[in-house]
$ cat target.cif   # mmCIF, C-alpha atoms
data_upload
loop_
_atom_site.label_atom_id
_atom_site.label_comp_id
_atom_site.auth_asym_id
_atom_site.auth_seq_id
_atom_site.Cartn_x
_atom_site.Cartn_y
_atom_site.Cartn_z
CA MET A 1 18.58 -4.84 2.27
CA THR A 2 17.61 -6.03 -1.16
CA ASP A 3 20.29 -5.62 -3.80
CA ARG A 4 17.77 -4.87 -6.55
CA VAL A 5 16.49 -1.51 -5.32
CA LEU A 6 18.63 -0.40 -2.39
CA ASP A 7 21.94 -1.36 -3.99
CA ARG A 8 22.78 2.33 -4.57
CA ARG A 9 21.41 5.81 -3.97
CA ARG A 10 18.12 6.16 -5.79
CA SER A 11 15.14 8.47 -5.91
CA GLY A 12 11.55 7.78 -6.77
CA VAL A 13 8.09 9.27 -7.05
CA LEU A 14 4.94 8.36 -5.13
CA LEU A 15 1.85 8.24 -7.34
CA HIS A 16 -0.99 5.77 -6.97
CA PRO A 17 -2.15 4.41 -10.36
CA THR A 18 -5.72 5.57 -9.76
CA CYS A 19 -4.36 9.10 -10.23
CA LEU A 20 -3.69 8.19 -13.87
CA ILE A 21 -7.24 7.08 -14.71
CA GLY A 22 -8.64 9.30 -17.45
CA THR A 23 -12.14 9.84 -18.76
CA GLU A 24 -11.65 7.38 -21.63
CA ARG A 25 -8.69 5.19 -20.61
CA GLY A 26 -7.66 3.20 -17.57
CA ALA A 27 -4.33 3.59 -15.85
CA LEU A 28 -2.29 0.52 -16.76
CA GLY A 29 -1.78 1.17 -20.46
CA ALA A 30 -0.43 4.24 -22.19
CA ALA A 31 -0.88 6.48 -19.14
CA ALA A 32 1.31 4.34 -16.88
CA ARG A 33 3.91 3.76 -19.60
CA GLY A 34 4.11 7.50 -20.18
CA PHE A 35 4.61 8.11 -16.48
CA ILE A 36 7.41 5.53 -16.34
CA ASP A 37 9.05 7.15 -19.37
CA TRP A 38 8.89 10.53 -17.63
CA LEU A 39 10.44 9.07 -14.46
CA ALA A 40 13.36 7.69 -16.41
CA GLN A 41 13.77 10.96 -18.29
CA ALA A 42 13.83 12.88 -14.97
CA GLY A 43 16.45 10.64 -13.35
CA PHE A 44 14.06 8.79 -11.03
CA SER A 45 14.41 5.02 -10.86
CA VAL A 46 11.60 4.00 -8.46
CA TRP A 47 7.82 4.26 -8.78
CA GLN A 48 6.02 3.85 -5.45
CA VAL A 49 2.32 2.96 -5.43
CA LEU A 50 -0.29 2.18 -2.79
CA PRO A 51 -2.02 -1.23 -2.51
CA LEU A 52 -3.43 -2.43 -5.84
CA GLY A 53 -6.27 -4.58 -4.54
CA PRO A 54 -9.98 -3.81 -4.97
CA PRO A 55 -10.86 -1.17 -2.35
CA GLY A 56 -13.85 -1.29 -0.07
CA GLY A 57 -16.13 1.56 0.89
CA GLY A 58 -14.75 5.05 0.39
CA GLY A 59 -12.17 3.88 -2.13
CA SER A 60 -9.39 3.34 0.39
CA PRO A 61 -6.70 0.97 -0.93
CA TYR A 62 -6.01 0.06 2.71
CA TRP A 63 -9.53 -1.32 3.19
CA ALA A 64 -8.60 -4.36 1.13
CA ARG A 65 -11.27 -6.77 -0.11
CA SER A 66 -8.43 -8.96 -1.40
CA ASP A 67 -4.63 -8.82 -1.26
CA PHE A 68 -4.39 -11.06 -4.30
CA ALA A 69 -6.85 -9.58 -6.79
CA GLY A 70 -6.26 -6.41 -8.77
CA HIS A 71 -8.48 -3.32 -8.86
CA VAL A 72 -10.22 -3.70 -12.23
CA ALA A 73 -10.88 0.05 -12.52
CA LEU A 74 -7.17 0.36 -13.31
CA ILE A 75 -7.43 -1.76 -16.46
CA ASP A 76 -6.93 0.11 -19.74
CA ARG A 77 -9.76 -1.33 -21.80
CA SER A 78 -8.35 0.02 -25.04
CA GLU A 79 -5.46 -2.46 -24.72
CA LEU A 80 -7.13 -5.73 -23.73
CA PRO A 81 -5.57 -9.04 -24.78
CA ASP A 82 -7.71 -11.52 -26.72
CA PRO A 83 -8.61 -14.48 -24.47
CA ALA A 84 -8.96 -16.78 -27.48
CA ALA A 85 -5.61 -15.84 -28.99
CA GLN A 86 -3.89 -15.89 -25.59
CA ARG A 87 -5.57 -18.99 -24.22
CA ALA A 88 -2.32 -20.51 -23.00
CA ASP A 89 -1.47 -17.40 -21.03
CA TYR A 90 -4.93 -17.27 -19.52
CA GLU A 91 -4.74 -20.91 -18.47
CA ALA A 92 -1.31 -20.33 -16.96
CA PHE A 93 -2.73 -17.43 -14.97
CA ARG A 94 -5.62 -19.56 -13.72
CA ASN A 95 -3.29 -22.36 -12.67
CA ALA A 96 -0.94 -19.96 -10.87
CA SER A 97 -3.88 -18.28 -9.14
CA ARG A 98 -5.93 -21.32 -8.17
CA ASP A 99 -5.33 -20.74 -4.43
CA TRP A 100 -7.31 -17.49 -4.46
CA LEU A 101 -9.03 -16.79 -7.79
CA ASP A 102 -12.16 -18.98 -7.55
CA ASP A 103 -12.85 -17.86 -3.99
CA TYR A 104 -12.46 -14.23 -5.00
CA VAL A 105 -14.76 -14.24 -8.03
CA LEU A 106 -17.43 -16.16 -6.09
CA PHE A 107 -17.16 -13.73 -3.19
CA GLU A 108 -17.57 -10.68 -5.43
CA ALA A 109 -20.47 -12.22 -7.32
CA LEU A 110 -22.30 -12.96 -4.08
CA ALA A 111 -21.47 -9.52 -2.68
CA GLN A 112 -23.02 -7.94 -5.76
CA GLN A 113 -26.08 -10.18 -5.50
CA PHE A 114 -26.85 -9.59 -1.82
CA GLN A 115 -25.49 -6.04 -1.37
CA ARG A 116 -24.68 -6.87 2.25
CA PRO A 117 -21.55 -7.95 4.16
CA TRP A 118 -20.93 -11.69 3.97
CA TRP A 119 -21.99 -12.38 7.56
CA GLU A 120 -25.52 -11.31 6.53
CA TRP A 121 -25.74 -13.74 3.60
CA PRO A 122 -27.88 -16.88 3.71
CA PRO A 123 -26.44 -19.32 6.29
CA GLU A 124 -25.29 -21.93 3.77
CA LEU A 125 -23.27 -19.33 1.82
CA ARG A 126 -22.02 -17.59 4.93
CA ALA A 127 -20.68 -20.96 6.08
CA ARG A 128 -19.31 -21.80 2.60
CA GLU A 129 -21.14 -25.13 2.44
CA PRO A 130 -19.77 -27.06 -0.58
CA ALA A 131 -23.19 -27.82 -2.07
CA ALA A 132 -24.20 -24.16 -1.90
CA ARG A 133 -20.97 -23.01 -3.53
CA GLU A 134 -21.27 -25.59 -6.29
CA ARG A 135 -24.84 -24.50 -6.97
CA VAL A 136 -23.82 -20.84 -7.34
CA ALA A 137 -20.81 -21.79 -9.46
CA HIS A 138 -23.13 -23.64 -11.85
CA GLU A 139 -25.88 -21.01 -11.93
CA ARG A 140 -23.49 -18.09 -12.43
CA ALA A 141 -20.79 -19.80 -14.47
CA ALA A 142 -20.64 -17.10 -17.16
CA ASP A 143 -20.45 -14.28 -14.62
CA LEU A 144 -17.69 -16.01 -12.66
CA GLU A 145 -15.70 -16.70 -15.81
CA GLN A 146 -15.92 -13.04 -16.84
CA ARG A 147 -14.62 -12.02 -13.43
CA ARG A 148 -11.69 -14.43 -13.84
CA ILE A 149 -10.92 -12.92 -17.23
CA GLU A 150 -11.01 -9.43 -15.69
CA GLN A 151 -8.36 -10.50 -13.20
CA TRP A 152 -6.30 -11.94 -16.04
CA TYR A 153 -6.58 -8.60 -17.88
CA PHE A 154 -5.20 -6.85 -14.80
CA ASP A 155 -2.39 -9.36 -14.44
CA TRP A 156 -1.54 -9.18 -18.15
CA GLN A 157 -1.32 -5.40 -18.14
CA TRP A 158 0.66 -5.27 -14.90
CA ARG A 159 3.19 -7.78 -16.22
CA ALA A 160 3.57 -5.75 -19.40
CA LEU A 161 4.00 -2.59 -17.32
CA ARG A 162 6.66 -4.19 -15.17
CA ARG A 163 8.60 -5.24 -18.27
CA HIS A 164 8.32 -1.68 -19.59
CA ALA A 165 9.63 -0.31 -16.31
CA ALA A 166 12.52 -2.78 -16.16
CA GLU A 167 13.60 -1.89 -19.68
CA ARG A 168 13.90 1.75 -18.57
CA GLY A 169 15.65 1.02 -15.29
CA VAL A 170 12.61 1.83 -13.14
CA ARG A 171 11.86 -0.36 -10.11
CA LEU A 172 8.33 -0.82 -8.76
CA PHE A 173 7.71 -0.23 -5.05
CA GLY A 174 4.46 -1.66 -3.66
CA ASP A 175 2.54 -1.56 -0.40
CA LEU A 176 1.00 -4.34 1.72
CA PRO A 177 -1.70 -3.29 4.23
CA ILE A 178 -1.17 -4.91 7.60
CA TYR A 179 -4.90 -5.69 7.88
CA VAL A 180 -7.74 -6.67 5.57
CA ALA A 181 -11.26 -5.26 5.47
CA PRO A 182 -13.85 -7.01 7.66
CA ASP A 183 -16.02 -7.69 4.60
CA SER A 184 -13.31 -9.33 2.52
CA VAL A 185 -12.72 -12.60 0.76
CA SER A 186 -9.99 -13.36 3.31
CA THR A 187 -12.33 -13.27 6.30
CA TRP A 188 -14.99 -15.22 4.39
CA ALA A 189 -12.74 -17.91 2.93
CA GLN A 190 -10.26 -18.18 5.83
CA PRO A 191 -12.12 -17.10 8.97
CA GLN A 192 -9.82 -19.21 11.12
CA GLN A 193 -7.02 -16.69 10.48
CA PHE A 194 -8.93 -13.92 12.29
CA ARG A 195 -10.46 -13.23 15.67
CA LEU A 196 -14.11 -13.22 14.67
CA LEU A 197 -17.43 -13.64 16.42
CA PRO A 198 -19.42 -16.81 15.60
CA ASP A 199 -21.42 -14.93 12.93
CA GLY A 200 -18.25 -13.69 11.19
CA ARG A 201 -18.07 -10.12 12.44
CA PRO A 202 -14.80 -8.98 14.06
CA ALA A 203 -14.52 -9.75 17.78
CA LEU A 204 -11.61 -7.33 18.16
CA LEU A 205 -10.93 -4.27 16.05
CA ALA A 206 -7.66 -2.72 14.91
CA GLY A 207 -6.64 0.83 15.73
CA VAL A 208 -4.11 2.90 17.61
CA PRO A 209 -4.29 4.33 21.14
CA PRO A 210 -4.79 7.97 22.10
CA ASP A 211 -1.79 10.16 21.38
CA TYR A 212 -0.78 13.77 20.79
CA PHE A 213 -2.68 13.85 17.50
CA SER A 214 -5.91 12.16 18.64
CA ALA A 215 -7.36 12.24 22.15
CA ASP A 216 -9.51 9.18 21.45
CA GLY A 217 -6.98 7.30 19.32
CA GLN A 218 -8.02 5.88 15.97
CA LEU A 219 -10.53 3.04 15.59
CA TRP A 220 -9.89 1.53 12.18
CA GLY A 221 -12.35 -1.35 12.43
CA ASN A 222 -10.29 -4.04 10.69
CA PRO A 223 -10.38 -7.57 12.15
CA LEU A 224 -7.27 -8.70 14.02
CA TYR A 225 -5.32 -11.86 13.31
CA ASP A 226 -5.48 -15.05 15.33
CA TRP A 227 -1.71 -15.18 15.73
CA GLN A 228 -1.82 -18.47 17.63
CA ARG A 229 -3.45 -20.14 14.64
CA ALA A 230 -1.03 -18.39 12.30
CA GLN A 231 1.94 -19.85 14.15
CA GLN A 232 0.42 -23.32 13.97
CA ASP A 233 0.32 -23.25 10.16
CA GLN A 234 3.70 -21.50 9.83
CA PHE A 235 2.12 -18.18 8.83
CA ALA A 236 0.73 -19.63 5.58
CA PHE A 237 -1.69 -16.72 5.07
CA TRP A 238 1.02 -14.07 5.43
CA ARG A 239 3.49 -15.99 3.29
CA ALA A 240 0.92 -16.26 0.50
CA ARG A 241 -0.09 -12.60 0.59
CA LEU A 242 3.52 -11.43 0.54
CA ALA A 243 4.43 -13.85 -2.26
CA VAL A 244 1.88 -12.33 -4.63
CA GLN A 245 3.18 -8.82 -3.89
CA LEU A 246 6.74 -9.86 -4.64
CA ARG A 247 5.62 -11.21 -8.02
CA ARG A 248 4.41 -7.68 -8.83
CA PHE A 249 7.04 -5.50 -7.17
CA ASP A 250 10.76 -5.14 -6.62
CA LEU A 251 10.26 -3.69 -3.13
CA VAL A 252 7.26 -3.80 -0.75
CA ARG A 253 6.35 -1.56 2.18
CA ILE A 254 4.75 -3.25 5.20
CA ASP A 255 2.07 -0.86 6.42
CA HIS A 256 1.81 -0.23 10.22
CA PHE A 257 4.90 -2.33 10.93
CA ARG A 258 4.65 -1.64 14.65
CA GLY A 259 1.54 -3.88 14.74
CA LEU A 260 3.79 -6.87 14.08
CA ALA A 261 5.59 -6.33 17.39
CA ALA A 262 2.48 -5.41 19.41
CA TYR A 263 -0.95 -4.22 18.34
CA TRP A 264 -3.80 -2.20 19.81
CA ALA A 265 -6.90 -4.41 20.23
CA VAL A 266 -10.29 -2.74 20.68
CA PRO A 267 -13.34 -4.84 21.68
CA ALA A 268 -16.19 -4.95 19.17
CA GLY A 269 -18.84 -2.40 20.04
CA ALA A 270 -16.41 0.09 21.55
CA GLN A 271 -17.18 3.70 20.75
CA THR A 272 -13.54 4.85 20.59
CA ALA A 273 -10.07 3.34 20.55
CA ARG A 274 -9.65 4.42 24.18
CA GLU A 275 -11.21 1.11 25.19
CA GLY A 276 -8.40 -0.92 23.62
CA HIS A 277 -5.33 -2.61 25.04
CA TRP A 278 -1.94 -3.78 23.84
CA GLU A 279 -1.38 -7.39 22.83
CA PRO A 280 1.92 -8.92 21.68
CA ALA A 281 2.42 -10.07 18.08
CA PRO A 282 4.88 -12.80 17.04
CA GLY A 283 6.81 -10.54 14.67
CA GLN A 284 10.13 -12.33 15.09
CA ALA A 285 8.61 -15.74 14.28
CA LEU A 286 6.68 -14.24 11.35
CA PHE A 287 9.74 -12.71 9.72
CA ARG A 288 11.77 -15.87 10.24
CA ALA A 289 9.05 -17.75 8.34
CA LEU A 290 9.06 -15.13 5.58
CA GLN A 291 12.84 -15.25 5.48
CA ALA A 292 12.72 -19.02 4.97
CA ASP A 293 11.00 -18.32 1.64
CA LEU A 294 13.24 -15.37 0.71
CA PRO A 295 16.44 -14.86 2.75
CA GLN A 296 16.95 -11.26 1.56
CA LEU A 297 13.58 -9.71 2.32
CA PRO A 298 12.91 -6.81 -0.10
CA LEU A 299 10.77 -5.00 2.45
CA VAL A 300 10.46 -1.54 3.98
CA ALA A 301 8.97 -1.10 7.45
CA GLU A 302 6.44 1.72 7.84
CA ASP A 303 7.64 2.67 11.32
CA LEU A 304 5.92 6.03 11.73
CA GLY A 305 4.18 7.19 14.88
CA VAL A 306 5.19 6.32 18.44
CA ILE A 307 7.80 3.62 17.96
CA THR A 308 9.06 1.68 20.97
CA ALA A 309 12.41 -0.08 21.35
CA ASP A 310 10.97 -3.52 20.56
CA VAL A 311 9.63 -2.29 17.20
CA ASP A 312 12.98 -0.79 16.23
CA ALA A 313 14.78 -3.97 17.35
CA LEU A 314 12.49 -6.11 15.17
CA ARG A 315 13.15 -3.91 12.13
CA ARG A 316 16.91 -3.96 12.64
CA GLU A 317 17.09 -7.70 13.32
CA PHE A 318 15.78 -8.42 9.83
CA GLY A 319 17.61 -5.58 8.09
CA LEU A 320 14.51 -3.68 7.03
CA PRO A 321 14.77 0.03 6.15
CA GLY A 322 12.43 2.32 8.06
CA MET A 323 10.81 5.60 7.00
CA ARG A 324 11.53 9.25 7.77
CA VAL A 325 9.17 12.10 6.86
CA LEU A 326 10.60 15.61 6.83
CA GLN A 327 7.24 17.24 7.56
CA PHE A 328 7.32 15.50 10.97
CA GLY A 329 10.69 16.99 11.89
CA PHE A 330 9.89 20.46 13.14
CA ASP A 331 8.82 20.10 16.76
CA GLY A 332 11.74 22.22 17.94
CA SER A 333 13.96 19.31 18.99
CA GLY A 334 17.33 18.83 17.32
CA THR A 335 17.11 15.10 18.06
CA ASN A 336 13.86 14.63 16.13
CA PRO A 337 14.50 11.50 13.98
CA HIS A 338 12.73 13.05 11.00
CA LEU A 339 15.32 15.82 10.58
CA PRO A 340 17.82 14.87 7.85
CA HIS A 341 20.91 15.33 10.04
CA ASN A 342 19.61 12.39 12.12
CA TYR A 343 19.02 10.04 9.17
CA SER A 344 20.99 6.89 8.52
CA SER A 345 21.39 5.22 5.16
CA ASP A 346 18.95 2.42 6.06
CA VAL A 347 15.83 4.58 5.84
CA VAL A 348 13.56 5.74 3.04
CA ALA A 349 13.30 9.54 3.12
CA TYR A 350 10.12 11.46 2.27
CA ALA A 351 9.13 15.12 2.33
CA GLY A 352 5.57 13.83 2.92
CA THR A 353 3.59 10.65 2.30
CA HIS A 354 0.13 9.93 0.89
CA ASP A 355 -1.31 10.58 4.38
CA ASN A 356 0.24 14.05 4.64
CA ASP A 357 -0.90 17.28 3.12
CA THR A 358 1.17 18.34 0.14
CA THR A 359 4.34 20.07 1.33
CA LEU A 360 3.11 23.44 0.12
CA GLY A 361 -0.27 22.94 1.80
CA TRP A 362 1.44 21.77 4.99
CA PHE A 363 3.72 24.80 5.15
CA ARG A 364 0.87 27.22 4.55
CA SER A 365 -1.06 25.68 7.45
CA LEU A 366 1.74 26.15 10.00
CA GLY A 367 1.71 28.76 12.74
CA ALA A 368 4.28 31.53 12.79
CA GLN A 369 6.60 29.78 15.25
CA GLU A 370 6.66 26.53 13.24
CA ARG A 371 7.24 28.41 9.99
CA THR A 372 10.23 30.13 11.56
CA ARG A 373 11.69 26.77 12.59
CA VAL A 374 11.29 25.38 9.06
CA GLU A 375 12.83 28.44 7.41
CA PHE A 376 15.73 28.52 9.88
CA TYR A 377 16.54 24.82 9.52
CA LEU A 378 16.37 24.88 5.73
CA ARG A 379 17.98 28.35 5.51
CA SER A 380 15.14 29.29 3.23
CA ASP A 381 12.67 32.08 2.68
CA PRO A 382 8.93 31.25 2.47
CA GLU A 383 8.88 31.38 -1.32
CA HIS A 384 11.48 28.62 -1.63
CA VAL A 385 10.55 26.31 1.27
CA LEU A 386 9.07 23.64 -1.01
CA GLU A 387 12.20 23.48 -3.16
CA SER A 388 14.36 23.41 -0.03
CA MET A 389 12.31 20.55 1.45
CA LEU A 390 12.72 18.49 -1.72
CA ARG A 391 16.45 19.24 -1.89
CA ALA A 392 16.87 18.26 1.78
CA THR A 393 15.11 14.95 1.11
CA LEU A 394 17.16 14.17 -2.00
CA GLY A 395 20.38 15.34 -0.36
CA SER A 396 20.00 13.20 2.77
CA VAL A 397 22.09 10.07 3.38
CA ALA A 398 19.01 7.88 2.96
CA GLN A 399 19.65 5.28 0.28
CA LEU A 400 16.20 5.90 -1.20
CA ALA A 401 14.38 9.25 -1.36
CA ILE A 402 10.74 9.46 -2.46
CA LEU A 403 8.93 12.63 -3.61
CA SER A 404 5.23 12.97 -4.30
CA VAL A 405 3.93 14.06 -7.68
CA ALA A 406 1.93 16.84 -6.02
CA ASP A 407 5.15 18.27 -4.60
CA LEU A 408 6.93 18.04 -7.95
CA LEU A 409 4.06 20.06 -9.42
CA GLN A 410 4.14 22.57 -6.53
CA LEU A 411 0.50 21.98 -5.70
CA GLY A 412 -1.31 23.02 -2.52
CA SER A 413 -3.88 21.28 -0.33
CA GLU A 414 -6.25 20.89 -3.28
CA ALA A 415 -4.05 17.98 -4.36
CA ARG A 416 -4.01 16.21 -0.99
CA PHE A 417 -4.69 12.50 -1.54
CA ASN A 418 -5.82 11.38 1.91
CA THR A 419 -6.63 12.87 5.29
CA PRO A 420 -6.47 10.15 7.98
CA GLY A 421 -9.50 9.91 10.19
CA THR A 422 -11.87 11.28 7.55
CA ALA A 423 -14.20 9.25 5.35
CA GLN A 424 -15.02 11.72 2.58
CA GLY A 425 -13.04 13.41 -0.16
CA ASN A 426 -10.08 11.03 -0.21
CA TRP A 427 -8.35 8.94 -2.89
CA SER A 428 -9.88 10.88 -5.77
CA TRP A 429 -7.14 13.28 -6.95
CA ARG A 430 -6.09 12.88 -10.59
CA LEU A 431 -2.86 13.90 -12.30
CA PRO A 432 -3.64 16.83 -14.64
CA PRO A 433 -3.04 15.84 -18.28
CA GLY A 434 0.27 17.12 -19.61
CA ALA A 435 1.50 18.24 -16.18
CA LEU A 436 4.73 16.23 -16.28
CA THR A 437 6.61 18.19 -18.93
CA PRO A 438 10.09 17.73 -20.43
CA ALA A 439 11.11 21.00 -18.76
CA LEU A 440 10.13 19.62 -15.33
CA ALA A 441 12.03 16.43 -16.12
CA SER A 442 15.15 18.46 -16.88
CA VAL A 443 14.95 20.19 -13.49
CA HIS A 444 14.81 16.88 -11.65
CA THR A 445 17.45 15.26 -13.79
CA ALA A 446 19.83 17.95 -12.56
CA LEU A 447 18.74 17.52 -8.95
CA ASN A 448 19.02 13.75 -9.02
CA ARG A 449 22.43 13.99 -10.61
CA ILE A 450 23.86 16.52 -8.15
CA TYR A 451 22.64 14.46 -5.18
CA GLY A 452 24.10 11.25 -6.57
CA ARG A 453 20.80 9.49 -7.26
CA THR A 454 21.43 8.60 -10.90
CA GLU A 455 23.75 5.90 -12.17
#
$ encode --input "target.cif" --output "C-alpha cells"
Amino acid sequence: MTDRVLDRRRSGVLLHPTCLIGTERGALGAAARGFIDWLAQAGFSVWQVLPLGPPGGGGSPYWARSDFAGHVALIDRSELPDPAAQRADYEAFRNASRDWLDDYVLFEALAQQFQRPWWEWPPELRAREPAARERVAHERAADLEQRRIEQWYFDWQWRALRRHAAERGVRLFGDLPIYVAPDSVSTWAQPQQFRLLPDGRPALLAGVPPDYFSADGQLWGNPLYDWQRAQQDQFAFWRARLAVQLRRFDLVRIDHFRGLAAYWAVPAGAQTAREGHWEPAPGQALFRALQADLPQLPLVAEDLGVITADVDALRREFGLPGMRVLQFGFDGSGTNPHLPHNYSSDVVAYAGTHDNDTTLGWFRSLGAQERTRVEFYLRSDPEHVLESMLRATLGSVAQLAILSVADLLQLGSEARFNTPGTAQGNWSWRLPPGALTPALASVHTALNRIYGRTE
C-alpha cells in the first residue's frame, strides 16, 4: 500500500467537483479551496472525487471521452491565468501533453462540427488520414488553439488546488474508469487498442451478467480492449492513462477491478447482457507492467459485486486495498464481508458510494425485516441509524474510511447522485451554499479524533 495516503488511519469525504459548480463560478477555484479548508477543519485528510475527464451523453464521468483531458465545465473562469504572462507554463504544459493534446482538441472540434459519432464522419477523417488532419488543423487553427488553452486552464487550476490541499494535509483520491466511451478520442486515435468493427463501432460491448439485482444483467455499451495487442506493446495505453492520473492524485481507484481478471463480453447488437460470455483478462501481466513504472502502486481496487477467488487473488498479489460498503452488509448473514466485524485493515470502508442512495434514503426504503437487522446490528433506534452507520464506518479497522457529503448533511434520496441502470436525473446534485458549517466541522473533528483518524 502507498505510504502517502494509507500510511496511517485516515478519513475522507466523497464529493465530485461538479457538485461545487455555482451559478457564477466554476468548481476549481474558491469553491474547491473552501471545501478543502472545511475538510482540514473537520479532521478529514482525503478528498475522493469521480473521474475528471469530459463526460459523454448524460453527464456520466464514467462515459469518458478522454482519460487525459479535463472537464472544462469545472474551470473557475474568475481565476484564469494570463496565457501571455504565463507563456512558459503554457508551453511546458503543451510539451508534457503532446502525446494526447492535439488529438483531443481535433477530436472535439470535429465532434462539434459533425454532431455525430466519429465512425459517421467523412471517410478521410474517420480514418485519420494525415492530409485531412493537416487541412483541418490549418482551417481551424484558432479554434484548436483555444481548446488547448482551455485544457491548460484546467491543468493550471488543478495544480494550484493540489498545492492548496497538500499545504493543509489533504490528499486527493481519484478514479479511473476501466473502460472508455465508444465515441471517444481513444477509440478514434488508437482503434488498435479496442475490439472494433471495421467502421469503428464496438464489436463487443462491456457489461455484467445477470445476478440477484438484475435478471438481464447490465449492458454498458463500452468497447472492450484488444488485450492481445495490449500485451504486445507492453500495455502502453494503460500505462499512459494511469500516469496522467497519478500526476493529479495521491491515490487512484480502479473502477470495475474484476474486469481485469475476467470480463463479460456481449456481442454488438445484443438486446441484453444475457447474451454475453466470460473472457479472461491479463490482469497479472498488466499490473506487473504498471509496477515496473511505479513499484508501490497507489491504487484501490473497486471489488464490489460478485467477486471470485481469482479476482481477490489478483488484488492481494499486488497489495491493493479493496472496498467495503456498509449498506451492502444486511442480508442476514454474519459472514457478509460488508459488515465491519469482517473488515481487515487493507480495505477502504464506506457507508455508501456514489452509486448508492444516501444512507438516510437507503434506510427509509428498507422493508421492516431489513430495518430490524440494521437496528439490531448497530444497536440503534431508527432516529439515530444514520449517525450509527457513520460511526461504524469510522470506527472500523479499515485504514481509510470515506463518507459522502450527503450523509454528513443528513440528506435523503433527493441528494442521490447516481442510480445505476438509469439514464436520466443523475450527476446533477449540487452542494447547497453554506451547508458545510463550522459547527458541522466540530462534530466531525470529535468523531475523527475519537476513532483515531487524525494525526
$ closest_residue --input "target.cif" --among "A:Leu219, A:Ala265, A:Leu224, A:Leu409" --to "A:Ala181" --atoms "all atoms listed in the file"
A:Leu224
$ closest_residue --input "target.cif" --among "A:Gly452, A:Gly29, A:Pro198, A:Pro130" --to "A:Ala160" --atoms "all atoms listed in the file"
A:Gly29
$ atom_distance --input "target.cif" --atom1 "atom CA of A:Gln115" --atom2 "atom CA of A:Gln245"
28.9 Å
$ residues_near_point --input "target.cif" --point "(14.2, 26.3, 6.3)" --cutoff "12 Å" --atoms "only C-alpha atoms" --output "VMD selection string"
chain A and resid 326 to 327 329 to 330 339 363 370 to 392
$ write_last_selection --input "target.cif" --atoms "C-alpha atoms" --output "PDB file, in the frame of the given file"
ATOM      1  CA  LEU A 326      10.600  15.610   6.830  1.00  0.00           C
ATOM      2  CA  GLN A 327       7.240  17.240   7.560  1.00  0.00           C
ATOM      3  CA  GLY A 329      10.690  16.990  11.890  1.00  0.00           C
ATOM      4  CA  PHE A 330       9.890  20.460  13.140  1.00  0.00           C
ATOM      5  CA  LEU A 339      15.320  15.820  10.580  1.00  0.00           C
ATOM      6  CA  PHE A 363       3.720  24.800   5.150  1.00  0.00           C
ATOM      7  CA  GLU A 370       6.660  26.530  13.240  1.00  0.00           C
ATOM      8  CA  ARG A 371       7.240  28.410   9.990  1.00  0.00           C
ATOM      9  CA  THR A 372      10.230  30.130  11.560  1.00  0.00           C
ATOM     10  CA  ARG A 373      11.690  26.770  12.590  1.00  0.00           C
ATOM     11  CA  VAL A 374      11.290  25.380   9.060  1.00  0.00           C
ATOM     12  CA  GLU A 375      12.830  28.440   7.410  1.00  0.00           C
ATOM     13  CA  PHE A 376      15.730  28.520   9.880  1.00  0.00           C
ATOM     14  CA  TYR A 377      16.540  24.820   9.520  1.00  0.00           C
ATOM     15  CA  LEU A 378      16.370  24.880   5.730  1.00  0.00           C
ATOM     16  CA  ARG A 379      17.980  28.350   5.510  1.00  0.00           C
ATOM     17  CA  SER A 380      15.140  29.290   3.230  1.00  0.00           C
ATOM     18  CA  ASP A 381      12.670  32.080   2.680  1.00  0.00           C
ATOM     19  CA  PRO A 382       8.930  31.250   2.470  1.00  0.00           C
ATOM     20  CA  GLU A 383       8.880  31.380  -1.320  1.00  0.00           C
ATOM     21  CA  HIS A 384      11.480  28.620  -1.630  1.00  0.00           C
ATOM     22  CA  VAL A 385      10.550  26.310   1.270  1.00  0.00           C
ATOM     23  CA  LEU A 386       9.070  23.640  -1.010  1.00  0.00           C
ATOM     24  CA  GLU A 387      12.200  23.480  -3.160  1.00  0.00           C
ATOM     25  CA  SER A 388      14.360  23.410  -0.030  1.00  0.00           C
ATOM     26  CA  MET A 389      12.310  20.550   1.450  1.00  0.00           C
ATOM     27  CA  LEU A 390      12.720  18.490  -1.720  1.00  0.00           C
ATOM     28  CA  ARG A 391      16.450  19.240  -1.890  1.00  0.00           C
ATOM     29  CA  ALA A 392      16.870  18.260   1.780  1.00  0.00           C
TER      30      ALA A 392
END
$ closest_residue --input "target.cif" --among "A:Thr359, A:Thr308, A:Gln192, A:Gln48" --to "A:Tyr263" --atoms "all atoms listed in the file"
A:Thr308
$ residues_near_point --input "target.cif" --point "(-9.2, 12.1, -1.8)" --cutoff "9 Å" --atoms "all atoms listed in the file" --output "mmCIF file with C-alpha atoms, in the frame of the given file"
data_model
loop_
_atom_site.group_PDB
_atom_site.id
_atom_site.type_symbol
_atom_site.label_atom_id
_atom_site.label_comp_id
_atom_site.auth_asym_id
_atom_site.auth_seq_id
_atom_site.Cartn_x
_atom_site.Cartn_y
_atom_site.Cartn_z
ATOM 1 C CA GLY A 59 -12.170 3.880 -2.130
ATOM 2 C CA ALA A 415 -4.050 17.980 -4.360
ATOM 3 C CA ARG A 416 -4.010 16.210 -0.990
ATOM 4 C CA PHE A 417 -4.690 12.500 -1.540
ATOM 5 C CA ASN A 418 -5.820 11.380 1.910
ATOM 6 C CA THR A 419 -6.630 12.870 5.290
ATOM 7 C CA GLN A 424 -15.020 11.720 2.580
ATOM 8 C CA GLY A 425 -13.040 13.410 -0.160
ATOM 9 C CA ASN A 426 -10.080 11.030 -0.210
ATOM 10 C CA TRP A 427 -8.350 8.940 -2.890
ATOM 11 C CA SER A 428 -9.880 10.880 -5.770
ATOM 12 C CA TRP A 429 -7.140 13.280 -6.950
#
$ residues_around --input "target.cif" --residues "A:Ile450" --least-positions-apart "5" --cutoff "12 Å" --atoms "all atoms listed in the file" --output "list of chain:residue names"
A:Arg9, A:Gly43, A:Arg391, A:Leu394, A:Gly395, A:Val443, A:His444, A:Thr445, A:Glu455
$ write_last_selection --input "target.cif" --atoms "C-alpha atoms" --output "compact mmCIF listing (two decimals), keeping the file's coordinate frame"
# COMPACT_ATOMS: atom_id res chain seq x y z
CA ARG A 9 21.41 5.81 -3.97
CA GLY A 43 16.45 10.64 -13.35
CA ARG A 391 16.45 19.24 -1.89
CA LEU A 394 17.16 14.17 -2.00
CA GLY A 395 20.38 15.34 -0.36
CA VAL A 443 14.95 20.19 -13.49
CA HIS A 444 14.81 16.88 -11.65
CA THR A 445 17.45 15.26 -13.79
CA GLU A 455 23.75 5.90 -12.17
